[in-house]
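The file model35.tsv comes next; it holds TSV, C-alpha atoms.
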```tsv
chain	number	residue	atom	x	y	z
A	1191	MET	CA	-93.42	198.05	99.66
A	1192	SER	CA	-96.13	200.63	99.28
A	1193	ARG	CA	-98.02	202.79	101.69
A	1194	SER	CA	-101.31	202.00	99.94
A	1195	ASP	CA	-100.75	198.24	100.38
A	1196	PHE	CA	-100.08	198.80	104.08
A	1197	PHE	CA	-103.50	200.39	104.52
A	1198	LYS	CA	-105.21	197.90	102.21
A	1199	TYR	CA	-103.92	194.60	103.53
A	1200	GLN	CA	-102.64	195.10	107.10
A	1201	ALA	CA	-105.07	195.82	109.91
A	1202	GLN	CA	-104.38	199.07	111.71
A	1203	THR	CA	-104.76	199.84	115.40
A	1204	THR	CA	-105.51	203.56	115.00
A	1205	PRO	CA	-107.10	205.71	112.28
A	1206	HIS	CA	-103.79	207.50	111.70
A	1207	PRO	CA	-100.75	205.24	112.20
A	1208	LEU	CA	-97.29	206.76	111.84
A	1209	ALA	CA	-96.69	204.47	108.82
A	1210	MET	CA	-92.93	204.91	108.68
A	1211	GLU	CA	-91.47	202.31	106.29
A	1212	ILE	CA	-88.61	200.47	107.99
A	1213	SER	CA	-85.46	199.43	106.16
A	1214	HIS	CA	-83.37	198.11	109.06
A	1215	ALA	CA	-82.44	198.76	112.69
A	1216	GLU	CA	-79.17	198.58	114.58
A	1217	GLY	CA	-78.27	199.49	118.16
A	1218	CYS	CA	-80.33	202.51	119.21
A	1219	TYR	CA	-81.25	203.51	115.65
A	1220	ILE	CA	-84.05	202.66	113.23
A	1221	PHE	CA	-83.62	203.44	109.52
A	1222	ASP	CA	-86.44	204.21	107.10
A	1223	ALA	CA	-86.71	203.28	103.43
A	1224	ASN	CA	-84.76	206.42	102.50
A	1225	GLN	CA	-81.97	205.38	104.88
A	1226	LYS	CA	-82.73	208.23	107.27
A	1227	ALA	CA	-81.60	207.35	110.80
A	1228	TYR	CA	-83.91	207.79	113.79
A	1229	LEU	CA	-82.60	207.70	117.35
A	1230	ASP	CA	-84.98	205.41	119.21
A	1231	PHE	CA	-86.22	206.74	122.56
A	1232	VAL	CA	-89.12	204.26	122.70
A	1233	ALA	CA	-87.45	200.82	122.27
A	1234	GLY	CA	-90.52	199.20	120.79
A	1235	VAL	CA	-92.53	200.46	123.79
A	1236	SER	CA	-89.99	199.26	126.37
A	1237	ALA	CA	-89.46	195.92	124.60
A	1238	CYS	CA	-85.99	196.26	123.04
A	1239	SER	CA	-83.93	196.36	126.23
A	1240	LEU	CA	-80.65	195.81	124.40
A	1241	GLY	CA	-81.53	197.94	121.42
A	1242	HIS	CA	-81.97	196.52	117.94
A	1243	ARG	CA	-80.23	193.36	116.77
A	1244	HIS	CA	-77.88	193.08	119.71
A	1245	PRO	CA	-75.01	190.82	118.55
A	1246	LYS	CA	-75.38	188.33	121.40
A	1247	VAL	CA	-79.13	188.03	120.85
A	1248	VAL	CA	-78.69	187.56	117.10
A	1249	ALA	CA	-75.97	184.94	117.69
A	1250	ALA	CA	-78.23	183.02	120.10
A	1251	ILE	CA	-81.08	183.05	117.58
A	1252	LYS	CA	-78.83	181.80	114.75
A	1253	ALA	CA	-77.39	179.04	116.92
A	1254	GLN	CA	-80.85	177.81	117.86
A	1255	LEU	CA	-82.02	177.95	114.22
A	1256	ASP	CA	-79.36	175.38	113.40
A	1257	ARG	CA	-80.71	172.97	116.04
A	1258	TYR	CA	-84.52	172.95	115.96
A	1259	LEU	CA	-87.57	175.18	115.84
A	1260	HIS	CA	-90.96	174.28	117.32
A	1261	VAL	CA	-91.17	170.59	118.22
A	1262	MET	CA	-94.00	170.16	120.76
A	1263	VAL	CA	-96.62	172.05	122.76
A	1264	TYR	CA	-95.28	173.81	125.84
A	1265	GLY	CA	-94.17	171.79	128.84
A	1266	GLU	CA	-93.93	168.29	127.34
A	1267	TYR	CA	-90.37	168.07	126.03
A	1268	ILE	CA	-87.17	169.20	127.68
A	1269	GLN	CA	-85.81	171.98	125.48
A	1270	GLU	CA	-82.49	173.47	126.52
A	1271	SER	CA	-83.10	177.17	125.83
A	1272	ALA	CA	-86.46	177.28	127.63
A	1273	LEU	CA	-85.17	175.28	130.60
A	1274	ASN	CA	-82.04	177.40	130.97
A	1275	LEU	CA	-84.10	180.58	130.73
A	1276	THR	CA	-86.51	179.57	133.49
A	1277	LYS	CA	-83.64	178.33	135.64
A	1278	LEU	CA	-81.83	181.66	135.29
A	1279	MET	CA	-85.00	183.60	136.08
A	1280	ALA	CA	-85.42	181.58	139.29
A	1281	GLN	CA	-81.88	182.60	140.26
A	1282	TYR	CA	-82.88	186.28	140.25
A	1283	LEU	CA	-86.50	186.10	141.40
A	1284	PRO	CA	-87.39	186.01	145.12
A	1285	GLU	CA	-86.55	182.69	146.76
A	1286	ASN	CA	-90.17	181.56	146.96
A	1287	ILE	CA	-90.76	182.13	143.23
A	1288	GLU	CA	-89.11	179.18	141.53
A	1289	LYS	CA	-91.26	178.14	138.56
A	1290	THR	CA	-91.92	180.08	135.37
A	1291	TYR	CA	-94.49	179.48	132.66
A	1292	LEU	CA	-93.36	180.93	129.32
A	1293	THR	CA	-95.99	182.39	127.00
A	1294	ASN	CA	-96.14	184.23	123.67
A	1295	SER	CA	-96.91	187.68	125.07
A	1296	GLY	CA	-97.37	189.68	128.22
A	1297	THR	CA	-101.14	189.79	127.89
A	1298	GLU	CA	-101.30	185.98	127.63
A	1299	ALA	CA	-99.19	185.78	130.77
A	1300	ILE	CA	-101.66	188.09	132.53
A	1301	ASP	CA	-104.52	185.75	131.61
A	1302	GLY	CA	-102.52	182.81	132.94
A	1303	ALA	CA	-101.82	184.61	136.22
A	1304	LEU	CA	-105.51	185.43	136.69
A	1305	LYS	CA	-106.43	181.80	136.08
A	1306	LEU	CA	-103.76	180.74	138.55
A	1307	ALA	CA	-105.15	182.98	141.31
A	1308	ARG	CA	-108.68	181.67	140.83
A	1309	ARG	CA	-107.58	178.05	140.52
A	1310	TYR	CA	-105.35	178.08	143.60
A	1311	THR	CA	-107.67	179.96	145.95
A	1312	GLY	CA	-110.98	178.54	144.72
A	1313	ARG	CA	-112.31	182.11	144.79
A	1314	SER	CA	-113.51	184.23	141.89
A	1315	GLU	CA	-113.09	187.90	142.84
A	1316	ILE	CA	-110.24	189.78	141.17
A	1317	LEU	CA	-109.25	193.30	142.23
A	1318	ALA	CA	-107.41	195.60	139.83
A	1319	ALA	CA	-106.54	199.28	139.83
A	1320	HIS	CA	-108.27	202.23	138.24
A	1321	LYS	CA	-106.33	203.35	135.13
A	1322	ALA	CA	-104.55	200.00	134.99
A	1323	TYR	CA	-103.33	198.56	131.71
A	1324	HIS	CA	-102.41	194.87	131.47
A	1325	GLY	CA	-102.99	194.03	127.80
A	1326	ASN	CA	-105.87	193.39	125.44
A	1327	THR	CA	-106.90	189.74	125.54
A	1328	TYR	CA	-110.25	189.28	127.26
A	1329	GLY	CA	-108.80	188.46	130.66
A	1330	ALA	CA	-106.35	191.37	130.57
A	1331	LEU	CA	-109.01	193.68	129.16
A	1332	SER	CA	-111.30	192.75	132.05
A	1333	VAL	CA	-108.77	194.08	134.57
A	1334	MET	CA	-108.10	197.24	132.56
A	1335	GLY	CA	-109.10	200.26	134.62
A	1336	TYR	CA	-110.33	202.44	131.79
A	1337	GLU	CA	-113.98	202.06	130.90
A	1338	ASP	CA	-113.94	203.90	127.57
A	1339	ARG	CA	-111.61	201.27	126.15
A	1340	LYS	CA	-113.56	198.34	127.62
A	1341	ALA	CA	-117.16	199.35	126.93
A	1342	PRO	CA	-117.29	198.30	123.24
A	1343	PHE	CA	-116.22	194.76	124.14
A	1344	ARG	CA	-118.48	193.93	127.07
A	1345	PRO	CA	-119.50	191.55	128.57
A	1346	LEU	CA	-116.10	190.80	130.07
A	1347	LEU	CA	-114.96	188.57	132.94
A	1348	PRO	CA	-117.38	188.70	135.89
A	1349	ASP	CA	-116.45	189.43	139.49
A	1350	VAL	CA	-113.75	191.99	138.71
A	1351	ARG	CA	-113.63	195.09	140.93
A	1352	PHE	CA	-111.37	198.11	141.07
A	1353	ILE	CA	-109.38	199.95	143.73
A	1354	ARG	CA	-107.46	203.20	143.55
A	1355	PHE	CA	-103.70	202.84	143.05
A	1356	ASN	CA	-101.85	204.22	146.11
A	1357	SER	CA	-105.07	204.34	148.18
A	1358	ILE	CA	-104.52	202.77	151.61
A	1359	GLU	CA	-108.21	203.26	152.34
A	1360	ASP	CA	-109.18	200.92	149.49
A	1361	LEU	CA	-107.17	198.04	150.93
A	1362	SER	CA	-110.20	197.13	153.05
A	1363	LEU	CA	-111.83	195.99	149.79
A	1364	ILE	CA	-109.39	193.07	149.71
A	1365	THR	CA	-111.28	190.37	151.63
A	1366	THR	CA	-111.59	186.62	152.09
A	1367	LYS	CA	-113.65	186.63	148.88
A	1368	THR	CA	-110.69	187.92	146.86
A	1369	ALA	CA	-108.80	185.43	144.73
A	1370	GLY	CA	-106.17	187.88	143.58
A	1371	VAL	CA	-105.08	191.49	143.40
A	1372	ILE	CA	-103.35	192.49	140.19
A	1373	LEU	CA	-101.34	195.70	140.01
A	1374	GLU	CA	-98.68	197.19	137.78
A	1375	THR	CA	-95.56	197.79	139.84
A	1376	ILE	CA	-95.48	201.22	138.19
A	1377	GLN	CA	-98.67	202.23	136.44
A	1378	GLY	CA	-97.73	202.61	132.78
A	1379	GLY	CA	-100.65	203.85	130.71
A	1380	ALA	CA	-101.80	206.12	133.54
A	1381	GLY	CA	-98.61	208.20	133.33
A	1382	PHE	CA	-95.78	206.20	134.96
A	1383	ILE	CA	-97.25	206.48	138.45
A	1384	GLU	CA	-94.97	205.06	141.15
A	1385	PRO	CA	-96.27	203.43	144.36
A	1386	GLN	CA	-95.99	205.74	147.37
A	1387	LYS	CA	-95.55	205.30	151.13
A	1388	ASP	CA	-94.98	201.51	151.09
A	1389	TYR	CA	-98.20	201.02	149.14
A	1390	LEU	CA	-97.18	197.72	147.54
A	1391	LYS	CA	-95.93	196.38	150.88
A	1392	ARG	CA	-99.28	197.27	152.45
A	1393	VAL	CA	-101.13	195.51	149.64
A	1394	GLN	CA	-98.94	192.44	150.13
A	1395	GLU	CA	-99.64	192.41	153.87
A	1396	ARG	CA	-103.39	192.68	153.29
A	1397	CYS	CA	-103.31	189.87	150.72
A	1398	ASN	CA	-101.40	187.66	153.14
A	1399	ALA	CA	-103.92	188.39	155.89
A	1400	VAL	CA	-106.93	187.29	153.83
A	1401	GLY	CA	-105.30	184.57	151.72
A	1402	ALA	CA	-105.42	186.44	148.41
A	1403	ILE	CA	-102.76	186.18	145.70
A	1404	LEU	CA	-100.78	189.33	144.85
A	1405	ILE	CA	-99.94	189.52	141.14
A	1406	LEU	CA	-97.49	192.21	140.04
A	1407	ASP	CA	-97.34	193.16	136.38
A	1408	GLU	CA	-93.66	193.74	135.59
A	1409	ILE	CA	-94.11	193.75	131.82
A	1410	GLN	CA	-92.81	197.32	131.49
A	1411	PRO	CA	-90.63	197.85	134.61
A	1412	GLY	CA	-88.96	194.44	134.47
A	1413	PHE	CA	-85.44	193.49	133.41
A	1414	GLY	CA	-83.38	196.42	134.53
A	1415	ARG	CA	-85.41	199.35	133.31
A	1416	THR	CA	-85.93	200.83	136.80
A	1417	GLY	CA	-82.38	200.34	138.11
A	1418	THR	CA	-83.14	196.93	139.61
A	1419	LEU	CA	-83.76	193.73	137.66
A	1420	PHE	CA	-87.42	193.75	138.72
A	1421	GLY	CA	-89.26	196.95	139.53
A	1422	PHE	CA	-90.80	195.62	142.76
A	1423	GLU	CA	-87.32	195.40	144.29
A	1424	ASN	CA	-87.49	199.19	144.64
A	1425	TYR	CA	-90.62	199.10	146.78
A	1426	ASN	CA	-90.07	196.63	149.63
A	1427	CYS	CA	-92.56	194.09	148.27
A	1428	THR	CA	-92.46	190.41	147.34
A	1429	PRO	CA	-95.45	189.33	145.20
A	1430	ASP	CA	-96.88	185.84	144.89
A	1431	VAL	CA	-96.93	185.97	141.08
A	1432	VAL	CA	-94.66	188.00	138.81
A	1433	VAL	CA	-95.76	188.66	135.23
A	1434	THR	CA	-93.09	189.64	132.71
A	1435	GLY	CA	-92.71	190.19	128.97
A	1436	LYS	CA	-91.51	192.97	126.67
A	1437	GLY	CA	-87.89	193.59	127.76
A	1438	LEU	CA	-87.17	189.89	128.32
A	1439	GLY	CA	-87.28	188.98	124.64
A	1440	GLY	CA	-84.48	191.10	123.20
A	1441	GLY	CA	-86.85	192.13	120.42
A	1442	MET	CA	-88.66	188.79	120.17
A	1443	PRO	CA	-92.25	188.15	121.37
A	1444	ILE	CA	-92.43	186.66	124.84
A	1445	GLY	CA	-94.31	186.71	128.12
A	1446	ALA	CA	-94.01	184.78	131.37
A	1447	PHE	CA	-95.65	184.34	134.74
A	1448	SER	CA	-93.65	183.05	137.68
A	1449	ALA	CA	-94.77	181.73	141.06
A	1450	SER	CA	-93.92	179.20	143.75
A	1451	LYS	CA	-93.97	175.50	142.95
A	1452	GLU	CA	-97.09	175.11	145.10
A	1453	LEU	CA	-99.03	177.74	143.19
A	1454	MET	CA	-97.82	176.79	139.73
A	1455	ASP	CA	-98.42	173.09	140.17
A	1456	SER	CA	-102.12	173.79	140.71
A	1457	LEU	CA	-102.41	174.42	136.95
A	1458	SER	CA	-101.12	170.94	136.11
A	1459	ASP	CA	-104.04	168.91	137.49
A	1460	HIS	CA	-107.80	169.14	138.18
A	1461	PRO	CA	-108.01	169.76	135.30
A	1462	LYS	CA	-104.88	168.58	133.60
A	1463	LEU	CA	-103.61	171.11	131.06
A	1464	GLY	CA	-105.08	173.93	133.15
A	1465	HIS	CA	-103.18	176.43	131.04
A	1466	ILE	CA	-101.78	175.38	127.68
A	1467	THR	CA	-100.07	177.07	124.76
A	1468	THR	CA	-98.65	175.71	121.54
A	1469	PHE	CA	-95.83	178.16	120.93
A	1470	GLY	CA	-95.05	179.40	124.46
A	1471	GLY	CA	-91.40	178.77	125.30
A	1472	HIS	CA	-90.53	178.58	121.60
A	1473	PRO	CA	-86.87	177.53	121.46
A	1474	VAL	CA	-85.70	180.39	119.24
A	1475	ILE	CA	-87.44	183.02	121.35
A	1476	ALA	CA	-86.27	181.40	124.59
A	1477	ALA	CA	-82.70	181.47	123.25
A	1478	ALA	CA	-83.02	185.18	122.50
A	1479	ALA	CA	-84.47	185.82	125.95
A	1480	LEU	CA	-81.74	183.83	127.67
A	1481	ALA	CA	-79.05	185.85	125.89
A	1482	THR	CA	-80.89	189.06	126.82
A	1483	LEU	CA	-81.18	188.17	130.50
A	1484	GLN	CA	-77.54	187.10	130.64
A	1485	GLU	CA	-76.38	190.38	129.10
A	1486	ILE	CA	-78.52	192.49	131.43
A	1487	THR	CA	-77.41	190.67	134.58
A	1488	GLN	CA	-73.71	190.30	133.68
A	1489	THR	CA	-73.05	193.94	132.74
A	1490	SER	CA	-73.56	197.34	134.36
A	1491	LEU	CA	-76.74	198.11	132.39
A	1492	ILE	CA	-78.99	197.92	135.46
A	1493	GLN	CA	-76.92	200.34	137.54
A	1494	ASP	CA	-76.35	202.58	134.52
A	1495	ALA	CA	-80.12	203.04	134.14
A	1496	LEU	CA	-80.16	205.22	137.26
A	1497	LYS	CA	-77.21	207.30	136.06
A	1498	LYS	CA	-78.98	207.83	132.75
A	1499	GLU	CA	-82.19	208.78	134.56
A	1500	ALA	CA	-80.27	211.41	136.53
A	1501	TYR	CA	-78.84	212.84	133.32
A	1502	ILE	CA	-82.25	213.01	131.62
A	1503	ARG	CA	-83.82	214.72	134.63
A	1504	THR	CA	-81.01	217.29	134.71
A	1505	LYS	CA	-80.92	217.87	130.97
A	1506	LEU	CA	-84.68	218.10	130.35
A	1507	THR	CA	-85.27	221.31	132.26
A	1508	HIS	CA	-87.67	223.59	130.41
A	1509	PRO	CA	-90.69	225.81	131.19
A	1510	LEU	CA	-92.89	223.51	129.05
A	1511	ILE	CA	-91.84	220.40	130.99
A	1512	THR	CA	-93.93	220.43	134.14
A	1513	GLU	CA	-92.67	217.15	135.60
A	1514	ILE	CA	-90.69	214.03	134.79
A	1515	ARG	CA	-92.27	210.87	136.12
A	1516	GLY	CA	-91.02	207.33	136.49
A	1517	LYS	CA	-87.80	205.62	137.45
A	1518	GLY	CA	-84.62	204.60	135.65
A	1519	LEU	CA	-85.26	204.46	131.92
A	1520	MET	CA	-89.01	204.17	132.36
A	1521	LEU	CA	-89.70	207.91	132.19
A	1522	CYS	CA	-92.20	210.35	130.78
A	1523	ALA	CA	-91.93	214.11	130.43
A	1524	MET	CA	-95.17	215.91	131.23
A	1525	THR	CA	-96.16	219.02	129.25
A	1526	PRO	CA	-98.95	221.52	130.03
A	1527	ASN	CA	-101.38	219.99	127.52
A	1528	ALA	CA	-101.94	217.28	124.92
A	1529	ASP	CA	-101.36	219.69	122.04
A	1530	THR	CA	-97.82	220.41	123.19
A	1531	THR	CA	-97.09	216.72	123.61
A	1532	ASN	CA	-98.44	215.93	120.14
A	1533	LYS	CA	-96.29	218.63	118.58
A	1534	VAL	CA	-93.16	217.34	120.31
A	1535	VAL	CA	-93.73	213.70	119.33
A	1536	MET	CA	-94.52	214.48	115.68
A	1537	GLU	CA	-91.77	217.07	115.15
A	1538	ALA	CA	-89.22	214.84	116.88
A	1539	GLN	CA	-89.82	212.19	114.24
A	1540	ASN	CA	-89.21	214.80	111.54
A	1541	GLN	CA	-85.90	215.57	113.24
A	1542	GLY	CA	-84.83	211.95	113.56
A	1543	LEU	CA	-85.91	211.14	117.12
A	1544	ILE	CA	-88.56	208.56	117.96
A	1545	LEU	CA	-90.82	209.46	120.89
A	1546	PHE	CA	-94.32	208.20	121.68
A	1547	TRP	CA	-97.40	208.71	123.82
A	1548	LEU	CA	-98.82	206.93	126.87
A	1549	LEU	CA	-102.19	205.22	126.68
A	1550	TYR	CA	-104.34	207.25	129.08
A	1551	GLU	CA	-102.27	210.34	129.87
A	1552	PRO	CA	-102.32	212.69	126.83
A	1553	LYS	CA	-99.82	215.16	128.31
A	1554	ALA	CA	-97.04	212.56	128.67
A	1555	ILE	CA	-94.10	212.11	126.31
A	1556	ARG	CA	-92.76	208.56	126.59
A	1557	ILE	CA	-88.98	208.34	127.10
A	1558	THR	CA	-88.02	204.67	127.30
A	1559	PRO	CA	-84.84	204.18	125.26
A	1560	PRO	CA	-82.93	200.89	125.19
A	1561	LEU	CA	-80.84	200.23	128.28
A	1562	THR	CA	-77.85	200.30	125.96
A	1563	VAL	CA	-78.37	203.94	124.98
A	1564	SER	CA	-75.14	205.92	125.35
A	1565	MET	CA	-74.76	209.22	127.18
A	1566	GLU	CA	-73.96	210.85	123.83
A	1567	GLU	CA	-77.20	209.51	122.37
A	1568	LEU	CA	-79.12	210.74	125.40
A	1569	GLU	CA	-77.63	214.18	124.96
A	1570	LYS	CA	-78.54	214.19	121.28
A	1571	GLY	CA	-82.14	213.15	121.90
A	1572	CYS	CA	-82.70	215.50	124.82
A	1573	THR	CA	-81.28	218.40	122.82
A	1574	ILE	CA	-83.78	217.73	120.04
A	1575	ILE	CA	-86.62	217.74	122.57
A	1576	LEU	CA	-85.46	221.01	124.10
A	1577	ASP	CA	-85.05	222.67	120.71
A	1578	ILE	CA	-88.58	221.67	119.73
A	1579	LEU	CA	-89.96	223.01	123.01
A	1580	ASP	CA	-88.07	226.29	122.48
A	1581	ASP	CA	-89.68	226.60	119.06
A	1582	ILE	CA	-93.16	225.88	120.48
A	1583	GLN	CA	-92.61	228.48	123.20
A	1584	ARG	CA	-91.55	231.11	120.65
A	1585	ARG	CA	-94.67	230.49	118.60
A	1586	CYS	CA	-97.03	230.87	121.54
```

Exercise: express the given structure as structure tokens:
Amino acid sequence: MSRSDFFKYQAQTTPHPLAMEISHAEGCYIFDANQKAYLDFVAGVSACSLGHRHPKVVAAIKAQLDRYLHVMVYGEYIQESALNLTKLMAQYLPENIEKTYLTNSGTEAIDGALKLARRYTGRSEILAAHKAYHGNTYGALSVMGYEDRKAPFRPLLPDVRFIRFNSIEDLSLITTKTAGVILETIQGGAGFIEPQKDYLKRVQERCNAVGAILILDEIQPGFGRTGTLFGFENYNCTPDVVVTGKGLGGGMPIGAFSASKELMDSLSDHPKLGHITTFGGHPVIAAAALATLQEITQTSLIQDALKKEAYIRTKLTHPLITEIRGKGLMLCAMTPNADTTNKVVMEAQNQGLILFWLLYEPKAIRITPPLTVSMEELEKGCTIILDILDDIQRRC
């Protein structure tokens, strides 16, 4: 492979991608073409819950490869891995949320959830949060709460309005005209902002009062990352629709939106095929996701996430760390300015530690390792961060 071919033939998402050439990955490590090992504190942006190439995920993929690959568009044939995955999800979701629609990505699942809210209520207004991030397809982009990223792509979906996350005052904007309210359980791109003072419960109560659908985006917090299987379990709230992705796939591309039978069945008629996808619920990906969900729920990984959070918070004490935000292994370390954060992220890679940024908050250092990260690996990574910060402080 060549670096020049990468820039010539593969579309880039930024002017200056990191462009590290990957040889292989195993556990909590990624190896470059020179066989240098990098401890992964990002997990594919919260996607690789069980690290890289977890043996049970790989075994499930290989077993499914020997049976069949894609055979039919989603929802027509009974395929064991997809059925068992949705059945297991229903076991762990709130009692009223029993049906799951599997998609190819989280952003596709967001679009499906928005369609579901409008279809079921017969209303058009969607409320989202300022500084929200839900993905980049046109529906998800329309409920993104960051105008600079949306402006070049307008016009977007009509009848979308925005409220302030954690603002009780703004709940009055949820009315009988509102089809749905979509919120991240924990705001990701904004800087891992948690709901405060029963905010999500208050939103749920307001939605119930006016007949609006509450959609919670669990694409980042979901599947054990916050010390509960779903992030909303921490905040005394039961949504109408749960959107998941990332950490469900075990390193494979997946998304899902889950709701009650009554809500979900509204997509099956008037019109028929109200939401369709060719490759959603792909048997190989569903097999990987099933193995991932089984491993997360049958081990101590969920409870361990809180122990690991406590260690990180204790270990990462430094004058240049102003705050650590988030919950479980969905954390970010805040520095005084973007320049400090940039230096830490870039120098960490030089020293064999993968860190990353958040979308809207330039002072944040993303710390979202796999749930399988060991305490020894946490100590190693945190020590690298502290050493880099010491060096920055000396140079100031």

Inset, instruction - Give me, please, the distance in Å between CA of Tyr1328 (chain A) and CA of Leu1390 (chain A), quoted to one decimal. - result: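 According to the coordinates, CA of Tyr1328 (chain A) and CA of Leu1390 (chain A) are separated by 25.6 Å.
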
Quick one: residues within 10 Å of (-95.4, 216.0, 119.9) (file frame), counting only C-alpha atoms, please, as a short mmCIF file (atom, residue, chain, number, x, y, z; two decimals) with C-alpha atoms, keeping the file's coordinate frame.
```cif
data_model
loop_
_atom_site.label_atom_id
_atom_site.label_comp_id
_atom_site.auth_asym_id
_atom_site.auth_seq_id
_atom_site.Cartn_x
_atom_site.Cartn_y
_atom_site.Cartn_z
CA THR A 1525 -96.16 219.02 129.25
CA ALA A 1528 -101.94 217.28 124.92
CA ASP A 1529 -101.36 219.69 122.04
CA THR A 1530 -97.82 220.41 123.19
CA THR A 1531 -97.09 216.72 123.61
CA ASN A 1532 -98.44 215.93 120.14
CA LYS A 1533 -96.29 218.63 118.58
CA VAL A 1534 -93.16 217.34 120.31
CA VAL A 1535 -93.73 213.70 119.33
CA MET A 1536 -94.52 214.48 115.68
CA GLU A 1537 -91.77 217.07 115.15
CA ALA A 1538 -89.22 214.84 116.88
CA GLN A 1539 -89.82 212.19 114.24
CA LEU A 1545 -90.82 209.46 120.89
CA PHE A 1546 -94.32 208.20 121.68
CA TRP A 1547 -97.40 208.71 123.82
CA LYS A 1553 -99.82 215.16 128.31
CA ALA A 1554 -97.04 212.56 128.67
CA ILE A 1555 -94.10 212.11 126.31
CA ILE A 1575 -86.62 217.74 122.57
CA ILE A 1578 -88.58 221.67 119.73
CA LEU A 1579 -89.96 223.01 123.01
#
```

Inset, instruction - Quick one: pull the distance between CA of Met1520 (chain A) and CA of Thr1297 (chain A), Å, one decimal. - result: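 That distance, rounded to one decimal, is 19.3 Å.
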
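With all atoms listed in the file as the basis for measurement, A:His1472 is the residue among A:Lys1517, A:His1472, A:Arg1243, A:Lys1340 that approaches Glu1270 (chain A) most closely.
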
Inset, instruction - Pull the neighbourhood of (-96.9, 186.2, 126.8) for me: all residues within 12 Å in file coordinates, counting only C-alpha atoms, as a ChimeraX atom specification. - result: /A:1290-1303,1324-1327,1330,1407,1409,1433-1439,1442-1448,1466-1472,1475-1476

Legend entry - Residue nearest Ala1253 (chain A) - candidates A:His1460, A:Ser1271, A:Ala1318, A:Ile1287, atoms counted: all atoms listed in the file: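 Smallest separation from Ala1253 (chain A) among the options: A:Ser1271.
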
Legend entry - Within 10 Å of Gly1378 (chain A) using all atoms listed in the file, minus same-chain residues under 5 positions, as a ChimeraX atom specification: /A:1321-1324,1383-1384,1409-1411,1516,1520-1522,1548-1551,1556

Inset, instruction - Find the spatial neighbours of Phe1352 (chain A), counting only C-alpha atoms, within a cut-off of 7 Å - ignore same-chain residues fewer than 5 positions away - and output them as JSON, numbers by chain. - result: {"A": [1317, 1318, 1319, 1320]}

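Proximity to Leu1576 (chain A) at 10 Å, evaluated using only C-alpha atoms and with sequence-adjacent residues fewer than 6 positions away removed, yields Lys1505, Leu1506, Thr1507, His1508, Leu1510, Ile1511, Val1534 and Ile1582 of chain A.
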
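Minimum atom-to-atom distance to Glu1513 (chain A), evaluated using only C-alpha atoms, belongs to A:Pro1526 out of A:Pro1526, A:Asp1338, A:Gly1234, A:Gln1583.
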
Inset, instruction - One decimal, Å: what's the distance from CA of Glu1266 (chain A) over to CA of Val1474 (chain A), could you say? - result: 16.7 Å

Legend entry - Of the listed residues A:Gly1381, A:Gly1241, A:Pro1205, A:Pro1429, that which approaches Cys1218 (chain A) most closely, counting only C-alpha atoms: A:Gly1241

Inset, instruction - For each of A:Thr1562, A:Ser1456, A:Ser1314, A:Gln1377, take the minimum atom-to-atom distance to Thr1489 (chain A), counting only C-alpha atoms, then give the residue where this is smallest. - result: A:Thr1562

Legend entry - A:Pro1473, A:Gly1329, A:Gln1493, A:Ala1523 ranked by distance to Val1263 (chain A), top pick (using all atoms listed in the file):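 For Val1263 (chain A), the nearest of the candidates is A:Pro1473.
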
Legend entry - Lys1497 (chain A) surroundings by all atoms listed in the file, 12 Å radius, close-in-sequence under 2 positions cut, as a VMD selection string: chain A and resid 1415 to 1417 1490 to 1495 1499 to 1504 1517 to 1519 1561 1563 to 1565 1568

Report, as lines of an AutoDock Vina configuration file, the centre and edge lengths in Å (one decimal) of the axis-aligned box enclosing every listed atom of region 1201-1208 of chain A, padded by 3 Å on each side.
```
center_x = -102.2
center_y = 201.7
center_z = 112.7
size_x = 15.8
size_y = 17.7
size_z = 11.5
```
